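**Q** Got a structure here, written out as structure tokens. Questions coming.
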Amino acid sequence: MNVLEELRQALPELSSREARAARHLMANYPMAGLTTVADFAGQSGVSTATVLRLVKRLGFPVYADFQVALRGHIEETLQSPLMRFGERKVRDEAAKSSFLARTSDRLAEHFRALPDLISEKEFDKVAVLLADPRRDIHLLGGRYSSNIANYMGDLLIAIRGKVYPISGQTQIWPQCLLDIGRNSILVVFDVRRYQDDVINFTDAAAKRGATIVLLTDIWQSPAARSAHHVLAFPVEAPSIFDVLTVGTGVAEALVGAVASKADTTGKKRIEALEDLRSHLAANNQTGAKSNQKTR
């Protein structure tokens, strides 16, 4: 578990001054913790003793160990496929099992670890939010993770209305904010290397009162600063590329949970959708036969 997640879990148990320092770090993560103790304390509006107590609560005996963990977080999140290329090539040559077998084993490990990374309570809270028909849902992702956002949106549309995937060029994203307000939910997908445009949009939506649900990797996107709910999943694999397989699984699990909570309105919506599909399919077949006769 990284420092940011430790902070989120420890926050309810902290004193008011410790919580103030913790919120400052969360809002300026991880850079606020890479300054001196005195600077961290001054920027947080607390004493140096309060900062050191917070650091110890997080499991670090000394401030230097705390900073080592933060630097490790930066190194992990800045990794690119190019940086991993040489390292993974050496591992591949030394491996005794096939690439497919190693990938399969790693993904299986990741899925087994999900209950430890995502609490059932937090997962259920998100499912209840997404199942509320009074809420409008907007979904956003990055360069690759937008594919999961669109996929999740397509599935949710079959169960409930008011679902709006956000896609296209970033220049049109501001107009999507016009329809986001206090009754809105923004589901965000952002994994390393995190995208500034996604982070900035998330922050803007949060300021408009939207409830933010972030699906991210275990190192957590800076968008977590604006999020009300964070569901983290592993992305590391034998490949030089991070994998989104587990994130897709989390999205599908959420859709399944929403479907299980759907009332008769949800069932009627799916029935209506199936009727429309059958009707359109029949018309397409009739049209195709007519075209063949006129040739």
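Labeling convention for the structure tokens: chains A, B, ... as they appear, residues from 1 per chain, ligands from 1 in order of appearance.
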Please provide as a list in words all residues within 10 Å of A:Lys267, with the sequence filter that same-chain residues fewer than 4 positions apart are discarded (counting only C-alpha atoms).
**A**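 Near A:Lys267, the qualifying residues are Ala158, Ile159, Arg160, Ala259, Ala262, Asp263, Glu271, Ala272 and Leu273 of chain A.
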**Q** For the selection just defined, write its residues with N, CA, C and O atoms to a file, as a CSV table (one decimal), in the first residue's frame.
**A**
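So the final result, stored in result-v3.csv, reads:
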chain,number,residue,atom,x,y,z
A,158,ALA,N,-27.5,0.1,-21.0
A,158,ALA,CA,-28.5,-0.9,-21.1
A,158,ALA,C,-29.4,-1.1,-19.8
A,158,ALA,O,-30.5,-1.6,-19.9
A,159,ILE,N,-28.8,-0.7,-18.7
A,159,ILE,CA,-29.5,-0.9,-17.4
A,159,ILE,C,-30.2,0.4,-17.0
A,159,ILE,O,-31.3,0.3,-16.4
A,160,ARG,N,-29.7,1.5,-17.2
A,160,ARG,CA,-30.3,2.8,-16.7
A,160,ARG,C,-30.0,3.9,-17.7
A,160,ARG,O,-29.1,3.8,-18.6
A,259,ALA,N,-26.5,-3.9,-11.9
A,259,ALA,CA,-27.6,-4.6,-12.5
A,259,ALA,C,-28.3,-5.4,-11.5
A,259,ALA,O,-29.5,-5.5,-11.5
A,262,ALA,N,-30.7,-3.1,-9.8
A,262,ALA,CA,-31.7,-2.5,-10.6
A,262,ALA,C,-33.1,-3.0,-10.2
A,262,ALA,O,-33.3,-4.2,-10.0
A,263,ASP,N,-34.1,-2.1,-10.2
A,263,ASP,CA,-35.5,-2.4,-9.9
A,263,ASP,C,-36.2,-2.9,-11.2
A,263,ASP,O,-35.6,-3.1,-12.2
A,271,GLU,N,-35.6,-5.1,-21.4
A,271,GLU,CA,-36.6,-5.7,-22.3
A,271,GLU,C,-36.8,-4.9,-23.5
A,271,GLU,O,-36.9,-5.3,-24.6
A,272,ALA,N,-37.0,-3.6,-23.3
A,272,ALA,CA,-37.2,-2.6,-24.4
A,272,ALA,C,-36.1,-2.6,-25.3
A,272,ALA,O,-36.2,-2.6,-26.6
A,273,LEU,N,-34.8,-2.7,-24.8
A,273,LEU,CA,-33.7,-2.7,-25.6
A,273,LEU,C,-33.6,-3.9,-26.5
A,273,LEU,O,-33.3,-3.9,-27.7
**Q** Sorted by chain and rising residue number, list the residues of stretch 264-288 of chain A at most 12 Å from stretch 128-134 of chain A (counting only C-alpha atoms), each with its closest atom pair and distance in Å to one decimal, as a Markdown table.
**A**
| residue | atom | partner | partner_atom | distance |
| --- | --- | --- | --- | --- |
| A:Thr264 | CA | A:Pro133 | CA | 11.9 |
| A:Thr265 | CA | A:Pro133 | CA | 9.4 |
| A:Gly266 | CA | A:Pro133 | CA | 9.3 |
**Q** Which of stretch 28-274 of chain A end up as alpha helix (DSSP H) when DSSP is run on this backbone - answer as a PyMOL selection string?
**A** chain A and resi 37-44+48-57+63-77+81-94+99-117+120-131+146-159+173-177+196-207+245-261+264-274
**Q** For A:Ile166, please output as a tab-separated table (two decimals) with C-alpha atoms, in the first residue's frame all residues within 7 Å (counting only C-alpha atoms; exclusion window: fewer than 2 positions along the same chain).
**A**
chain	number	residue	atom	x	y	z
A	138	HIS	CA	-20.33	10.74	-16.86
A	139	LEU	CA	-17.31	8.57	-17.71
A	140	LEU	CA	-13.83	9.71	-18.67
A	164	TYR	CA	-22.72	9.98	-20.82
**Q** Ranking A:Ala149, A:Ala21, A:Ala282, A:Leu177 by minimum distance to A:Thr248 and counting only C-alpha atoms, which one comes first?
**A** A:Ala149
**Q** Between atom CA of A:Ile270 and atom CA of A:Leu156, measure the distance and give it in Å to one decimal.
**A**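 Result for atom CA of A:Ile270 versus atom CA of A:Leu156: 10.5 Å, one decimal.
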**Q** How close does each residue of stretch 162-239 of chain A get to stretch 24-32 of chain A, giving the shortest atom pair and distance in Å to one decimal for every residue with an atom at most 10 Å away, counting only C-alpha atoms, sorted by chain and residue number, as a Markdown table?
**A**
| residue | atom | partner | partner_atom | distance |
| --- | --- | --- | --- | --- |
| A:Ser221 | CA | A:Tyr29 | CA | 10.0 |
| A:Pro222 | CA | A:Tyr29 | CA | 7.3 |
| A:Ala223 | CA | A:Ala27 | CA | 9.7 |
| A:Ala224 | CA | A:Met26 | CA | 8.4 |
| A:Arg225 | CA | A:Ala27 | CA | 5.5 |
| A:Ser226 | CA | A:Ala27 | CA | 8.3 |
**Q** Give the answer as one residue: which of A:Asp154, A:Asp124, A:Glu75, A:Glu13 has the shortest atom-to-atom distance to A:Arg57, using only C-alpha atoms?
**A**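 Among the listed residues, the smallest separation from A:Arg57 belongs to A:Glu13.
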**Q** Which neighbours of A:Ala108 fall inside 12 Å, counting only C-alpha atoms, when residues of the same chain fewer than 6 positions from it are skipped, and could you give them as a VMD selection string?
**A** chain A and resid 101 to 102 114 234 237 245 to 246 249
**Q** For those residues, write N, CA and C atoms to a file as a CSV table (one decimal), in the first residue's frame.
**A**
chain,number,residue,atom,x,y,z
A,101,ALA,N,2.5,-18.0,-20.0
A,101,ALA,CA,2.3,-18.6,-18.7
A,101,ALA,C,2.6,-17.6,-17.6
A,102,ARG,N,3.6,-16.8,-17.7
A,102,ARG,CA,4.0,-15.8,-16.7
A,102,ARG,C,2.9,-14.7,-16.7
A,114,LEU,N,-7.4,-8.5,-5.4
A,114,LEU,CA,-8.3,-7.4,-5.4
A,114,LEU,C,-9.1,-7.2,-4.1
A,234,PRO,N,-4.0,-3.4,-9.6
A,234,PRO,CA,-2.7,-3.6,-10.1
A,234,PRO,C,-2.6,-3.6,-11.7
A,237,ALA,N,2.8,-6.2,-15.2
A,237,ALA,CA,2.8,-7.5,-15.8
A,237,ALA,C,4.2,-7.7,-16.5
A,245,THR,N,-6.3,-5.1,-17.8
A,245,THR,CA,-7.2,-6.3,-17.7
A,245,THR,C,-7.9,-6.3,-16.4
A,246,VAL,N,-7.2,-6.0,-15.3
A,246,VAL,CA,-7.8,-6.1,-13.9
A,246,VAL,C,-8.8,-4.9,-13.8
A,249,GLY,N,-11.9,-5.7,-15.3
A,249,GLY,CA,-12.6,-6.6,-14.5
A,249,GLY,C,-13.4,-5.8,-13.4
**Q** Which residues in stretch 83-224 of chain A does DSSP call strand (DSSP E)? List them as a list of chain:residue names.
**A**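 The strand (DSSP E) subset of stretch 83-224 of chain A is A:Asp136, A:Ile137, A:His138, A:Leu139, A:Leu140, A:Gly141, A:Val163, A:Tyr164, A:Pro165, A:Ser184, A:Ile185, A:Leu186, A:Val187, A:Val188, A:Phe189, A:Asp190, A:Thr211, A:Ile212, A:Val213, A:Leu214, A:Leu215, A:Thr216, A:Asp217.
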**Q** Which residues come within 9 Å of stretch 206-209 of chain A, counting only C-alpha atoms, excluding same-chain residues fewer than 2 positions away, as an mmCIF file with N, CA, C and O atoms, in the first residue's frame?
**A**
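The resulting around-v9.cif:
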data_model
loop_
_atom_site.group_PDB
_atom_site.id
_atom_site.type_symbol
_atom_site.label_atom_id
_atom_site.label_comp_id
_atom_site.auth_asym_id
_atom_site.auth_seq_id
_atom_site.Cartn_x
_atom_site.Cartn_y
_atom_site.Cartn_z
ATOM 1 N N LEU A 177 -18.639 19.755 -19.235
ATOM 2 C CA LEU A 177 -18.757 20.224 -17.851
ATOM 3 C C LEU A 177 -20.051 20.990 -17.624
ATOM 4 O O LEU A 177 -20.525 21.095 -16.485
ATOM 5 N N ILE A 180 -22.562 18.921 -15.852
ATOM 6 C CA ILE A 180 -22.109 18.241 -14.634
ATOM 7 C C ILE A 180 -22.346 19.151 -13.445
ATOM 8 O O ILE A 180 -21.931 20.319 -13.444
ATOM 9 N N GLY A 181 -23.043 18.615 -12.438
ATOM 10 C CA GLY A 181 -23.347 19.399 -11.242
ATOM 11 C C GLY A 181 -23.425 18.528 -10.004
ATOM 12 O O GLY A 181 -22.857 17.432 -9.957
ATOM 13 N N ARG A 182 -24.150 19.006 -9.009
ATOM 14 C CA ARG A 182 -24.192 18.321 -7.712
ATOM 15 C C ARG A 182 -24.882 16.962 -7.761
ATOM 16 O O ARG A 182 -24.691 16.146 -6.873
ATOM 17 N N ASN A 183 -25.683 16.721 -8.777
ATOM 18 C CA ASN A 183 -26.366 15.436 -8.890
ATOM 19 C C ASN A 183 -25.606 14.459 -9.786
ATOM 20 O O ASN A 183 -26.081 13.363 -10.068
ATOM 21 N N SER A 184 -24.420 14.870 -10.224
ATOM 22 C CA SER A 184 -23.658 14.074 -11.186
ATOM 23 C C SER A 184 -22.634 13.179 -10.506
ATOM 24 O O SER A 184 -22.133 13.478 -9.419
ATOM 25 N N LEU A 186 -18.980 11.431 -11.716
ATOM 26 C CA LEU A 186 -17.950 11.312 -12.753
ATOM 27 C C LEU A 186 -17.097 10.099 -12.426
ATOM 28 O O LEU A 186 -16.441 10.048 -11.387
ATOM 29 N N PHE A 201 -9.692 17.935 -15.637
ATOM 30 C CA PHE A 201 -11.141 17.809 -15.830
ATOM 31 C C PHE A 201 -11.795 17.284 -14.550
ATOM 32 O O PHE A 201 -12.867 17.758 -14.144
ATOM 33 N N THR A 202 -11.156 16.302 -13.920
ATOM 34 C CA THR A 202 -11.687 15.736 -12.680
ATOM 35 C C THR A 202 -11.794 16.805 -11.604
ATOM 36 O O THR A 202 -12.809 16.902 -10.894
ATOM 37 N N ASP A 203 -10.760 17.619 -11.478
ATOM 38 C CA ASP A 203 -10.757 18.693 -10.492
ATOM 39 C C ASP A 203 -11.877 19.691 -10.776
ATOM 40 O O ASP A 203 -12.588 20.126 -9.860
ATOM 41 N N ALA A 204 -12.069 20.021 -12.050
ATOM 42 C CA ALA A 204 -13.115 20.973 -12.423
ATOM 43 C C ALA A 204 -14.503 20.406 -12.122
ATOM 44 O O ALA A 204 -15.391 21.131 -11.647
ATOM 45 N N THR A 211 -19.793 14.037 -7.698
ATOM 46 C CA THR A 211 -19.172 12.981 -6.903
ATOM 47 C C THR A 211 -18.194 12.241 -7.805
ATOM 48 O O THR A 211 -18.580 11.746 -8.864
ATOM 49 N N ILE A 212 -16.941 12.164 -7.388
ATOM 50 C CA ILE A 212 -15.894 11.590 -8.231
ATOM 51 C C ILE A 212 -15.573 10.168 -7.797
ATOM 52 O O ILE A 212 -15.261 9.910 -6.628
ATOM 53 N N SER A 226 -9.081 14.833 -5.818
ATOM 54 C CA SER A 226 -10.450 15.334 -5.991
ATOM 55 C C SER A 226 -11.494 14.239 -5.807
ATOM 56 O O SER A 226 -12.694 14.528 -5.851
ATOM 57 N N ALA A 227 -11.055 13.005 -5.635
ATOM 58 C CA ALA A 227 -11.979 11.865 -5.641
ATOM 59 C C ALA A 227 -12.653 11.650 -4.282
ATOM 60 O O ALA A 227 -12.050 11.865 -3.236
#
**Q** For A:Glu120, please output as number ranges by chain all residues within 12 Å (counting only C-alpha atoms; exclusion window: fewer than 5 positions along the same chain).
**A** A: 114-115, 125-127, 231, 253-254, 257
